[in-house]
file final-v4.cif (mmCIF, C-alpha atoms and all ligand atoms)
data_data
#
loop_
_atom_site.label_atom_id
_atom_site.label_comp_id
_atom_site.auth_asym_id
_atom_site.auth_seq_id
_atom_site.Cartn_x
_atom_site.Cartn_y
_atom_site.Cartn_z
CA MET A 1 66.52 32.66 -3.09
CA SER A 2 66.89 29.42 -5.00
CA GLN A 3 68.49 26.63 -2.99
CA TYR A 4 71.15 25.79 -5.52
CA ILE A 5 72.68 26.72 -8.87
CA THR A 6 73.38 24.01 -11.40
CA SER A 7 76.87 24.09 -12.83
CA ILE A 8 78.80 21.73 -15.08
CA GLY A 9 77.06 18.50 -14.04
CA TYR A 10 76.85 19.35 -10.34
CA ASN A 11 74.98 21.63 -7.97
CA VAL A 12 76.25 24.56 -5.92
CA PHE A 13 74.25 24.63 -2.68
CA PHE A 14 73.61 27.83 -0.70
CA ASP A 15 70.73 26.94 1.54
CA ASN A 16 70.76 24.46 4.42
CA THR A 17 74.16 23.73 3.06
CA LEU A 18 75.63 21.54 5.73
CA ALA A 19 72.44 19.47 5.82
CA ALA A 20 72.78 19.07 2.05
CA LEU A 21 76.39 17.95 2.57
CA GLN A 22 75.29 15.46 5.21
CA GLN A 23 72.68 14.09 2.83
CA PHE A 24 75.25 13.87 0.02
CA VAL A 25 77.76 11.96 2.13
CA GLN A 26 75.48 9.76 4.14
CA GLY A 27 73.28 8.94 1.17
CA SER A 28 76.26 7.82 -0.88
CA THR A 29 78.11 4.54 -1.24
CA TYR A 30 81.67 5.85 -1.10
CA SER A 31 84.12 3.27 0.23
CA LYS A 32 85.99 5.94 2.16
CA VAL A 33 85.58 9.63 2.94
CA LEU A 34 88.62 11.85 3.43
CA ILE A 35 88.53 15.48 4.51
CA LEU A 36 91.32 17.85 3.47
CA VAL A 37 91.80 20.82 5.78
CA ASP A 38 94.55 23.28 6.53
CA ARG A 39 95.53 24.13 10.10
CA HIS A 40 93.09 27.06 10.27
CA THR A 41 90.11 25.31 8.74
CA SER A 42 90.84 22.33 10.97
CA GLU A 43 90.43 24.62 13.97
CA HIS A 44 87.56 26.85 12.78
CA CYS A 45 85.58 24.94 10.16
CA LEU A 46 85.95 21.22 10.83
CA PRO A 47 83.99 21.40 14.12
CA LEU A 48 81.03 22.98 12.25
CA LEU A 49 81.16 20.25 9.65
CA GLN A 50 81.40 17.54 12.29
CA ALA A 51 78.48 19.03 14.20
CA ALA A 52 76.43 18.95 11.00
CA MET A 53 77.03 15.22 10.65
CA PRO A 54 76.21 13.86 14.09
CA GLY A 55 77.00 10.20 14.49
CA PHE A 56 79.07 10.10 11.31
CA ASP A 57 82.73 9.52 12.06
CA GLY A 58 83.70 7.35 9.12
CA TYR A 59 86.24 9.73 7.68
CA ASP A 60 89.97 10.39 7.78
CA ILE A 61 91.48 13.85 8.07
CA ILE A 62 94.38 15.13 5.99
CA GLU A 63 95.80 18.39 7.36
CA ILE A 64 98.21 20.70 5.53
CA ASP A 65 99.93 23.95 6.46
CA PRO A 66 97.95 27.01 5.39
CA GLY A 67 98.93 29.56 2.77
CA GLU A 68 99.79 30.06 -0.88
CA GLU A 69 103.45 29.17 -0.27
CA ASN A 70 102.28 25.60 0.33
CA LYS A 71 100.24 25.25 -2.86
CA ASN A 72 102.97 23.22 -4.48
CA ILE A 73 104.03 19.75 -5.52
CA ASP A 74 105.62 18.91 -2.15
CA PHE A 75 102.36 19.41 -0.29
CA CYS A 76 100.50 17.68 -3.08
CA ILE A 77 102.73 14.63 -2.70
CA GLY A 78 101.98 14.77 1.02
CA ILE A 79 98.25 14.62 0.23
CA TRP A 80 98.67 11.73 -2.21
CA LYS A 81 100.75 9.83 0.38
CA MET A 82 98.16 10.35 3.10
CA MET A 83 95.46 9.13 0.73
CA LEU A 84 97.50 5.99 0.14
CA ASP A 85 98.19 5.54 3.86
CA PHE A 86 94.46 5.80 4.60
CA GLY A 87 93.75 3.17 1.95
CA ALA A 88 91.83 5.42 -0.43
CA ASP A 89 90.60 3.65 -3.55
CA ARG A 90 88.81 4.71 -6.73
CA GLN A 91 85.48 4.75 -4.86
CA SER A 92 86.71 7.22 -2.25
CA LEU A 93 85.51 10.78 -1.80
CA LEU A 94 87.68 13.76 -0.90
CA ILE A 95 85.97 16.69 0.84
CA ASN A 96 88.03 19.87 0.43
CA LEU A 97 87.23 22.07 3.42
CA GLY A 98 89.06 25.36 3.12
CA GLY A 99 89.97 28.38 1.04
CA GLY A 100 91.14 28.41 -2.55
CA VAL A 101 94.47 26.80 -1.69
CA VAL A 102 92.69 23.74 -0.26
CA THR A 103 90.02 23.61 -3.00
CA ASP A 104 92.57 24.09 -5.84
CA MET A 105 95.20 21.68 -4.50
CA GLY A 106 92.69 19.18 -3.11
CA GLY A 107 90.83 19.18 -6.42
CA PHE A 108 94.12 18.60 -8.23
CA ALA A 109 95.19 15.81 -5.86
CA ALA A 110 91.79 14.11 -6.22
CA SER A 111 91.66 14.49 -9.99
CA THR A 112 95.03 12.77 -10.41
CA PHE A 113 94.99 10.16 -7.61
CA LYS A 114 94.48 6.73 -9.19
CA ARG A 115 93.52 8.71 -12.33
CA GLY A 116 90.79 10.54 -10.53
CA ILE A 117 88.48 10.14 -7.58
CA ASP A 118 85.37 12.13 -6.66
CA PHE A 119 85.70 15.32 -4.67
CA VAL A 120 83.40 18.01 -3.33
CA GLN A 121 84.26 21.59 -2.45
CA VAL A 122 83.28 23.15 0.87
CA PRO A 123 84.76 26.65 0.51
CA THR A 124 85.40 28.56 3.72
CA THR A 125 86.77 31.91 2.52
CA LEU A 126 84.87 34.60 0.64
CA LEU A 127 87.27 34.17 -2.27
CA SER A 128 86.72 30.45 -2.55
CA GLN A 129 82.95 30.82 -2.13
CA VAL A 130 82.51 33.41 -4.88
CA ASP A 131 85.12 32.03 -7.28
CA ALA A 132 87.64 29.23 -6.60
CA SER A 133 85.25 26.42 -5.66
CA VAL A 134 83.20 26.70 -8.84
CA GLY A 135 84.18 25.87 -12.41
CA GLY A 136 86.64 23.03 -12.02
CA LYS A 137 90.02 24.74 -12.33
CA THR A 138 92.36 22.86 -10.00
CA GLY A 139 96.10 23.14 -9.62
CA ILE A 140 99.32 24.11 -7.92
CA ASP A 141 102.06 26.73 -8.39
CA MET A 142 105.64 26.05 -9.47
CA ASP A 143 108.64 28.42 -9.43
CA ASN A 144 106.39 31.37 -8.51
CA VAL A 145 104.26 30.75 -11.58
CA LYS A 146 100.65 30.57 -10.52
CA ASN A 147 98.57 27.45 -11.20
CA ILE A 148 101.00 26.29 -13.85
CA ILE A 149 100.29 22.61 -13.19
CA GLY A 150 96.66 21.59 -13.02
CA THR A 151 93.57 20.03 -14.47
CA PHE A 152 90.04 20.92 -15.37
CA ALA A 153 88.13 18.59 -13.07
CA GLN A 154 84.60 19.21 -11.89
CA PRO A 155 83.61 18.50 -8.29
CA LYS A 156 80.57 16.36 -7.55
CA ALA A 157 79.02 19.28 -5.64
CA VAL A 158 79.89 22.59 -3.98
CA PHE A 159 78.50 23.50 -0.56
CA ILE A 160 78.59 27.21 0.30
CA ALA A 161 77.85 28.16 3.91
CA ASP A 162 78.48 31.80 4.76
CA ARG A 163 78.62 30.94 8.46
CA PHE A 164 82.24 29.84 7.89
CA LEU A 165 83.13 33.48 7.15
CA ALA A 166 82.57 34.46 10.80
CA THR A 167 86.11 33.39 11.71
CA LEU A 168 87.85 34.76 8.63
CA ASP A 169 90.04 37.77 9.23
CA LYS A 170 89.25 41.08 7.57
CA ARG A 171 92.22 41.07 5.20
CA GLN A 172 91.21 37.67 3.81
CA LEU A 173 87.62 38.79 3.45
CA VAL A 174 88.64 41.87 1.47
CA SER A 175 90.90 39.73 -0.72
CA GLY A 176 87.82 37.77 -1.83
CA PHE A 177 86.01 41.03 -2.54
CA ALA A 178 88.38 41.61 -5.49
CA GLU A 179 86.85 38.68 -7.37
CA VAL A 180 83.31 39.85 -6.53
CA ILE A 181 84.12 43.27 -8.00
CA LYS A 182 85.79 41.56 -10.99
CA HIS A 183 82.60 39.63 -11.75
CA GLY A 184 80.69 42.94 -11.92
CA LEU A 185 83.37 44.61 -14.03
CA ILE A 186 83.48 41.87 -16.66
CA ALA A 187 79.81 40.97 -16.97
CA ASP A 188 77.32 42.84 -14.78
CA LYS A 189 77.46 46.62 -14.48
CA ALA A 190 74.48 46.82 -12.11
CA PHE A 191 76.14 44.36 -9.73
CA TYR A 192 79.39 46.35 -9.88
CA GLU A 193 77.48 49.53 -9.03
CA THR A 194 75.79 47.74 -6.12
CA VAL A 195 78.88 46.27 -4.53
CA LYS A 196 81.64 48.77 -5.31
CA GLY A 197 80.94 51.00 -2.31
CA MET A 198 80.04 48.24 0.11
CA ASP A 199 82.13 46.98 2.98
CA ALA A 200 83.23 43.40 2.27
CA ALA A 201 81.87 42.43 5.68
CA ASP A 202 78.38 43.53 4.62
CA LEU A 203 78.17 41.23 1.61
CA SER A 204 75.23 38.89 2.07
CA LEU A 205 74.73 35.30 1.00
CA GLU A 206 72.67 36.73 -1.88
CA HIS A 207 75.69 38.76 -3.08
CA ILE A 208 77.78 35.59 -2.89
CA ARG A 209 75.13 33.67 -4.81
CA HIS A 210 74.93 36.41 -7.46
CA SER A 211 78.70 36.42 -7.85
CA VAL A 212 78.72 32.64 -8.32
CA ALA A 213 75.84 32.96 -10.81
CA ILE A 214 77.91 35.37 -12.94
CA LYS A 215 80.87 32.98 -12.96
CA ASN A 216 78.63 29.99 -13.55
CA GLU A 217 77.00 31.58 -16.58
CA VAL A 218 80.49 31.80 -18.11
CA VAL A 219 81.97 28.43 -17.12
CA THR A 220 78.93 26.43 -18.17
CA GLN A 221 79.31 27.84 -21.70
CA ASP A 222 83.06 27.25 -21.85
CA PRO A 223 84.23 24.78 -19.18
CA THR A 224 87.79 24.39 -20.50
CA GLU A 225 88.55 28.02 -21.35
CA LYS A 226 88.67 27.81 -25.12
CA GLY A 227 87.25 31.33 -25.41
CA LEU A 228 84.63 33.12 -23.31
CA ARG A 229 85.93 31.79 -19.98
CA LYS A 230 89.07 33.91 -20.42
CA ILE A 231 87.03 36.94 -19.29
CA LEU A 232 87.27 35.55 -15.74
CA ASN A 233 90.99 36.24 -16.05
CA PHE A 234 90.67 40.04 -16.24
CA GLY A 235 93.44 41.44 -14.01
CA HIS A 236 95.21 38.10 -13.80
CA THR A 237 97.96 38.38 -16.44
CA ILE A 238 99.63 41.18 -14.50
CA GLY A 239 98.03 40.23 -11.16
CA HIS A 240 99.39 36.68 -11.16
CA ALA A 241 102.86 37.97 -12.04
CA ILE A 242 102.71 40.41 -9.15
CA GLU A 243 101.37 37.71 -6.82
CA GLY A 244 104.14 35.29 -7.80
CA TYR A 245 106.79 37.99 -7.47
CA SER A 246 105.47 39.12 -4.10
CA LEU A 247 105.33 35.54 -2.83
CA ALA A 248 109.01 35.10 -3.63
CA HIS A 249 110.28 38.48 -2.44
CA ASP A 250 108.06 40.08 0.20
CA ALA A 251 108.08 39.28 3.90
CA ASN A 252 104.33 39.76 3.95
CA PRO A 253 103.28 38.77 0.43
CA LEU A 254 100.18 40.02 -1.30
CA LEU A 255 97.13 37.76 -1.15
CA HIS A 256 95.59 36.59 -4.42
CA GLY A 257 92.77 39.13 -4.37
CA GLU A 258 95.13 41.97 -3.42
CA ALA A 259 97.44 41.15 -6.33
CA ILE A 260 94.50 40.84 -8.72
CA ALA A 261 93.24 44.24 -7.56
CA VAL A 262 96.61 45.75 -8.58
CA GLY A 263 96.39 43.73 -11.80
CA MET A 264 92.93 45.10 -12.56
CA ILE A 265 94.17 48.69 -12.20
CA CYS A 266 97.13 48.02 -14.54
CA GLU A 267 94.96 46.11 -17.00
CA GLY A 268 92.27 48.80 -16.67
CA TYR A 269 94.95 51.18 -17.92
CA LEU A 270 95.70 48.80 -20.82
CA ALA A 271 91.96 48.61 -21.51
CA HIS A 272 91.84 52.40 -21.67
CA ARG A 273 94.86 52.61 -23.96
CA ALA A 274 94.08 49.64 -26.20
CA ASN A 275 90.47 48.51 -25.83
CA GLY A 276 88.30 51.63 -25.75
CA LEU A 277 87.69 51.84 -22.00
CA ALA A 278 86.58 55.42 -21.28
CA LYS A 279 88.68 57.54 -18.93
CA ASP A 280 85.83 58.06 -16.45
CA ALA A 281 85.25 54.29 -16.26
CA LEU A 282 88.97 53.77 -15.62
CA ASP A 283 88.90 56.44 -12.90
CA ASP A 284 85.91 54.76 -11.29
CA LEU A 285 87.64 51.37 -11.31
CA ILE A 286 90.78 52.88 -9.80
CA TYR A 287 88.81 54.65 -7.10
CA THR A 288 86.98 51.44 -6.22
CA PHE A 289 90.12 49.34 -5.85
CA ARG A 290 92.09 52.00 -4.01
CA THR A 291 89.21 52.42 -1.57
CA HIS A 292 89.25 48.76 -0.63
CA PHE A 293 92.83 47.62 -1.16
CA PRO A 294 96.22 48.73 0.11
CA ASP A 295 98.62 50.26 -2.41
CA TYR A 296 101.49 48.04 -3.48
CA THR A 297 104.79 49.79 -3.97
CA TYR A 298 107.49 48.48 -6.30
CA HIS A 299 110.29 49.89 -8.40
CA ALA A 300 110.91 49.67 -12.13
CA GLY A 301 113.77 47.24 -11.47
CA ILE A 302 111.26 44.41 -11.08
CA TYR A 303 109.60 44.83 -14.49
CA ASP A 304 111.82 42.27 -16.24
CA SER A 305 110.93 39.67 -13.61
CA LEU A 306 107.22 40.49 -13.91
CA ILE A 307 107.32 40.25 -17.72
CA ALA A 308 109.19 36.93 -17.44
CA LEU A 309 106.38 35.62 -15.20
CA MET A 310 103.73 36.95 -17.63
CA LYS A 311 105.40 34.97 -20.41
CA ASN A 312 104.03 31.85 -18.69
CA ASP A 313 100.45 33.04 -18.75
CA LYS A 314 98.05 30.42 -20.08
CA LYS A 315 96.31 32.96 -22.33
CA ASN A 316 99.48 33.64 -24.32
CA SER A 317 99.88 32.69 -27.93
CA GLY A 318 103.40 32.05 -29.13
CA ASP A 319 105.49 34.89 -27.75
CA ARG A 320 102.52 37.24 -27.38
CA ILE A 321 101.26 38.03 -23.88
CA GLY A 322 97.51 37.57 -23.65
CA PHE A 323 94.94 39.58 -21.72
CA ALA A 324 91.23 39.76 -21.12
CA LEU A 325 90.43 43.48 -21.14
CA ILE A 326 87.21 45.26 -20.34
CA SER A 327 85.89 47.72 -22.94
CA ASP A 328 83.26 49.19 -20.62
CA ILE A 329 82.04 48.41 -17.11
CA GLY A 330 80.27 45.05 -17.54
CA ARG A 331 81.84 44.14 -20.90
CA CYS A 332 85.06 42.26 -21.48
CA SER A 333 87.03 41.19 -24.58
CA ILE A 334 89.27 38.15 -24.81
CA ASP A 335 92.47 37.48 -26.77
CA GLN A 336 93.89 40.96 -26.42
CA PHE A 337 97.62 40.79 -27.06
CA VAL A 338 99.63 43.70 -25.75
CA GLY A 339 103.27 44.51 -26.46
CA GLU A 340 105.85 44.67 -23.69
CA GLU A 341 106.28 48.43 -24.01
CA LEU A 342 102.64 49.14 -23.19
CA ILE A 343 102.69 46.56 -20.38
CA ARG A 344 105.66 48.41 -18.85
CA GLU A 345 103.74 51.68 -19.27
CA SER A 346 100.82 50.21 -17.31
CA LEU A 347 103.22 49.20 -14.52
CA ASP A 348 104.57 52.77 -14.54
CA PHE A 349 101.01 54.08 -14.44
CA TYR A 350 100.23 52.14 -11.25
CA ARG A 351 103.57 53.02 -9.67
CA GLU A 352 103.02 56.74 -10.29
CA LEU A 353 99.42 56.49 -9.09
CA VAL A 354 100.42 55.18 -5.67
CA GLY A 355 103.40 57.47 -5.46
N1 LIG B 401 90.17 27.60 -9.13
C1 LIG B 401 89.74 28.85 -9.30
O1 LIG B 401 88.88 29.12 -10.15
C2 LIG B 401 90.30 29.95 -8.45
C3 LIG B 401 89.67 31.19 -8.43
C4 LIG B 401 90.20 32.19 -7.64
C5 LIG B 401 91.32 31.95 -6.85
N2 LIG B 401 91.89 30.72 -6.87
C6 LIG B 401 93.03 30.41 -6.00
O2 LIG B 401 92.59 30.49 -4.66
C7 LIG B 401 93.71 30.75 -3.81
C8 LIG B 401 93.34 31.80 -2.79
O3 LIG B 401 92.29 31.32 -2.01
P1 LIG B 401 91.93 32.00 -0.61
O4 LIG B 401 91.94 33.45 -0.74
O5 LIG B 401 90.72 31.31 -0.13
O6 LIG B 401 93.22 31.64 0.26
P2 LIG B 401 93.58 30.47 1.28
O7 LIG B 401 93.03 29.19 0.88
O8 LIG B 401 95.04 30.59 1.47
O9 LIG B 401 92.85 30.91 2.62
C9 LIG B 401 93.21 32.11 3.22
C10 LIG B 401 93.55 31.93 4.71
O10 LIG B 401 92.34 31.83 5.46
C11 LIG B 401 92.36 30.67 6.28
N3 LIG B 401 90.98 30.26 6.40
C12 LIG B 401 90.23 29.65 5.46
N4 LIG B 401 88.95 29.58 5.88
C13 LIG B 401 88.91 30.12 7.10
C14 LIG B 401 87.87 30.37 8.02
N5 LIG B 401 86.59 30.08 7.73
N6 LIG B 401 88.17 30.93 9.21
C15 LIG B 401 89.44 31.28 9.49
N7 LIG B 401 90.47 31.11 8.64
C16 LIG B 401 90.20 30.54 7.46
C17 LIG B 401 93.28 29.72 5.57
O11 LIG B 401 93.80 28.77 6.45
C18 LIG B 401 94.34 30.67 5.04
O12 LIG B 401 95.25 30.98 6.06
C19 LIG B 401 94.84 31.17 -4.72
O13 LIG B 401 95.76 30.13 -4.81
C20 LIG B 401 94.16 31.41 -6.06
O14 LIG B 401 95.04 31.17 -7.13
C21 LIG B 401 91.41 29.72 -7.65
O1 LIG B 402 87.80 30.31 -13.16
C1 LIG B 402 88.51 30.94 -13.96
O2 LIG B 402 88.56 30.63 -15.16
C2 LIG B 402 89.33 32.08 -13.51
O3 LIG B 402 90.15 32.57 -14.27
C3 LIG B 402 89.12 32.59 -12.12
C4 LIG B 402 90.32 33.29 -11.52
O4 LIG B 402 89.83 34.21 -10.57
C5 LIG B 402 91.26 32.34 -10.77
O5 LIG B 402 92.24 33.08 -10.10
C6 LIG B 402 91.88 31.23 -11.56
O6 LIG B 402 92.54 30.33 -10.70
C7 LIG B 402 92.91 31.71 -12.55
O7 LIG B 402 93.23 30.66 -13.39
P1 LIG B 402 94.50 30.61 -14.31
O8 LIG B 402 94.08 29.72 -15.42
O9 LIG B 402 94.80 32.00 -14.77
O10 LIG B 402 95.61 30.07 -13.49
ZN ZN B 403 91.47 34.99 -9.33
#
call {"tool": "encode", "arguments": {"input": "final-v4.cif", "output": "structure tokens"}}
result
Amino acid sequence: MSQYITSIGYNVFFDNTLAALQQFVQGSTYSKVLILVDRHTSEHCLPLLQAAMPGFDGYDIIEIDPGEENKNIDFCIGIWKMMLDFGADRQSLLINLGGGVVTDMGGFAASTFKRGIDFVQVPTTLLSQVDASVGGKTGIDMDNVKNIIGTFAQPKAVFIADRFLATLDKRQLVSGFAEVIKHGLIADKAFYETVKGMDAADLSLEHIRHSVAIKNEVVTQDPTEKGLRKILNFGHTIGHAIEGYSLAHDANPLLHGEAIAVGMICEGYLAHRANGLAKDALDDLIYTFRTHFPDYTYHAGIYDSLIALMKNDKKNSGDRIGFALISDIGRCSIDQFVGEELIRESLDFYRELVG
């Protein structure tokens, strides 16, 4: 296995990762090093990082509460304030040690603090290792709209160590599996066929590396999502709306990957109705997601709220709601605009499917 993948001006390390991080930090001339963690990564991941950098204690820790509900401007202000309190300057480095919430919000905080300081991503969930830490999308949510404020800002490096996954609970692991399956569905049929029947816990570092390689192939060609990169958003127009809605209304809200899995079934239906996806491919996709993910039950009364959330999707054009839709397993089309009636039909389709 190659030691690293080169992305948009930085490397994604997979091998001897924490040693590579140590080399990066201790070989650098940063005036200050700050580490952003949430409460869980502070407990489970920070000790591994500290052990990998023996004798190095020249850093300050910023700790936030965990969870998507905290990926917002209030917590971001908290991060900026802590950076100020610790005396961070333009030559400082922020290490984001955590899942996608920490890497997205930490990347955003770093990319805007004093007009931008360096940051590196040390992803600690499956989801952030296969997807969120790579490609430079950073951001926060607002009013249940996902990632509506953000930047494209590339990290200086990404350090992926699968040993962090040992403390991740099963539900979180499976959530990340949704993005692994997505990468197969949009661009690599053989990979989809390989992983679709696997248990998320059996994914190896090589599967993680392959998943990153698929994403990297896309983002290096289109870093700021002018075209091709939109394929990475398959399942997200409806999935993000469901995630935002669930976050606001459910006692135990869906995780990102769980919502995207529902979104990929609904958008799979749209792909079948409007983009030539064969019925047997749709059935296969449905079987795969329903094998791995819990059903989500909702009633038709929420459709207006979901459509209102979809109207904020970044792929929209004017008043048209934009989608990336697969046309076959491993092939995906961008700039598919679908009318509200068919979107509602896809929501009905899922609702009837799960009874
Ligand atoms: N920027 C991108 O390209 C991109 C891609 C996909 C998803 N995302 C974003 O990522 C976020 C979801 O990320 P996530 O699924 O990693 O969620 P998360 O960051 O909320 O982490 C999930 C939970 O696991 C805990 N945790 C993290 N690492 C742990 C470990 N090693 N051991 C024990 N507990 C650990 C966290 O504290 C949290 O409670 C969403 O906000 C989504 O929008 C961004
Ligand atoms: O990297 C991308 O591009 C993606 O779309 C990856 C998605 O899995 C991820 O959830 C991303 O955060 C969605 O971005 P958004 O632009 O739809 O908010
Ligand atoms: Zn996603």
call {"tool": "closest_residue", "arguments": {"input": "final-v4.cif", "among": "A:Lys146, A:Arg290, A:Arg209, A:Lys137", "to": "Ala161 of chain A", "atoms": "all atoms listed in the file"}}
result
A:Arg209
call {"tool": "residues_near_ligand", "arguments": {"input": "final-v4.cif", "ligand": "ligand ZN 403 (chain B)", "cutoff": "7 Å", "atoms": "all atoms listed in the file", "output": "number ranges by chain"}}
result
A: 179, 233, 236, 256-257, 260
call {"tool": "closest_residue", "arguments": {"input": "final-v4.cif", "among": "A:Asp348, A:Glu243, A:Asp169, A:Asp188", "to": "Tyr303 of chain A", "atoms": "all atoms listed in the file"}}
result
A:Asp348
call {"tool": "atom_distance", "arguments": {"input": "final-v4.cif", "atom1": "atom CA of Asp15 of chain A", "atom2": "atom CA of Val134 of chain A"}}
result
16.2 Å
call {"tool": "residues_near_ligand", "arguments": {"input": "final-v4.cif", "ligand": "ligand LIG 402 (chain B)", "cutoff": "9 Å", "atoms": "all atoms listed in the file", "output": "PDB file with C-alpha atoms, in the coordinates of the input"}}
result
ATOM      1  CA  GLY A 100      91.140  28.410  -2.550  1.00  0.00           C
ATOM      2  CA  ASP A 104      92.570  24.090  -5.840  1.00  0.00           C
ATOM      3  CA  LEU A 127      87.270  34.170  -2.270  1.00  0.00           C
ATOM      4  CA  ASP A 131      85.120  32.030  -7.280  1.00  0.00           C
ATOM      5  CA  ALA A 132      87.640  29.230  -6.600  1.00  0.00           C
ATOM      6  CA  SER A 133      85.250  26.420  -5.660  1.00  0.00           C
ATOM      7  CA  VAL A 134      83.200  26.700  -8.840  1.00  0.00           C
ATOM      8  CA  GLY A 135      84.180  25.870 -12.410  1.00  0.00           C
ATOM      9  CA  GLY A 136      86.640  23.030 -12.020  1.00  0.00           C
ATOM     10  CA  LYS A 137      90.020  24.740 -12.330  1.00  0.00           C
ATOM     11  CA  THR A 138      92.360  22.860 -10.000  1.00  0.00           C
ATOM     12  CA  GLY A 139      96.100  23.140  -9.620  1.00  0.00           C
ATOM     13  CA  ILE A 140      99.320  24.110  -7.920  1.00  0.00           C
ATOM     14  CA  ASP A 141     102.060  26.730  -8.390  1.00  0.00           C
ATOM     15  CA  VAL A 145     104.260  30.750 -11.580  1.00  0.00           C
ATOM     16  CA  LYS A 146     100.650  30.570 -10.520  1.00  0.00           C
ATOM     17  CA  ASN A 147      98.570  27.450 -11.200  1.00  0.00           C
ATOM     18  CA  ILE A 148     101.000  26.290 -13.850  1.00  0.00           C
ATOM     19  CA  ILE A 149     100.290  22.610 -13.190  1.00  0.00           C
ATOM     20  CA  GLY A 150      96.660  21.590 -13.020  1.00  0.00           C
ATOM     21  CA  GLU A 179      86.850  38.680  -7.370  1.00  0.00           C
ATOM     22  CA  LYS A 182      85.790  41.560 -10.990  1.00  0.00           C
ATOM     23  CA  LYS A 215      80.870  32.980 -12.960  1.00  0.00           C
ATOM     24  CA  VAL A 218      80.490  31.800 -18.110  1.00  0.00           C
ATOM     25  CA  VAL A 219      81.970  28.430 -17.120  1.00  0.00           C
ATOM     26  CA  PRO A 223      84.230  24.780 -19.180  1.00  0.00           C
ATOM     27  CA  THR A 224      87.790  24.390 -20.500  1.00  0.00           C
ATOM     28  CA  GLU A 225      88.550  28.020 -21.350  1.00  0.00           C
ATOM     29  CA  ARG A 229      85.930  31.790 -19.980  1.00  0.00           C
ATOM     30  CA  LYS A 230      89.070  33.910 -20.420  1.00  0.00           C
ATOM     31  CA  ILE A 231      87.030  36.940 -19.290  1.00  0.00           C
ATOM     32  CA  LEU A 232      87.270  35.550 -15.740  1.00  0.00           C
ATOM     33  CA  ASN A 233      90.990  36.240 -16.050  1.00  0.00           C
ATOM     34  CA  PHE A 234      90.670  40.040 -16.240  1.00  0.00           C
ATOM     35  CA  GLY A 235      93.440  41.440 -14.010  1.00  0.00           C
ATOM     36  CA  HIS A 236      95.210  38.100 -13.800  1.00  0.00           C
ATOM     37  CA  THR A 237      97.960  38.380 -16.440  1.00  0.00           C
ATOM     38  CA  HIS A 240      99.390  36.680 -11.160  1.00  0.00           C
ATOM     39  CA  HIS A 256      95.590  36.590  -4.420  1.00  0.00           C
ATOM     40  CA  GLY A 257      92.770  39.130  -4.370  1.00  0.00           C
ATOM     41  CA  ILE A 260      94.500  40.840  -8.720  1.00  0.00           C
ATOM     42  CA  ASP A 313     100.450  33.040 -18.750  1.00  0.00           C
ATOM     43  CA  LYS A 314      98.050  30.420 -20.080  1.00  0.00           C
ATOM     44  CA  LYS A 315      96.310  32.960 -22.330  1.00  0.00           C
TER      45      LYS A 315
END
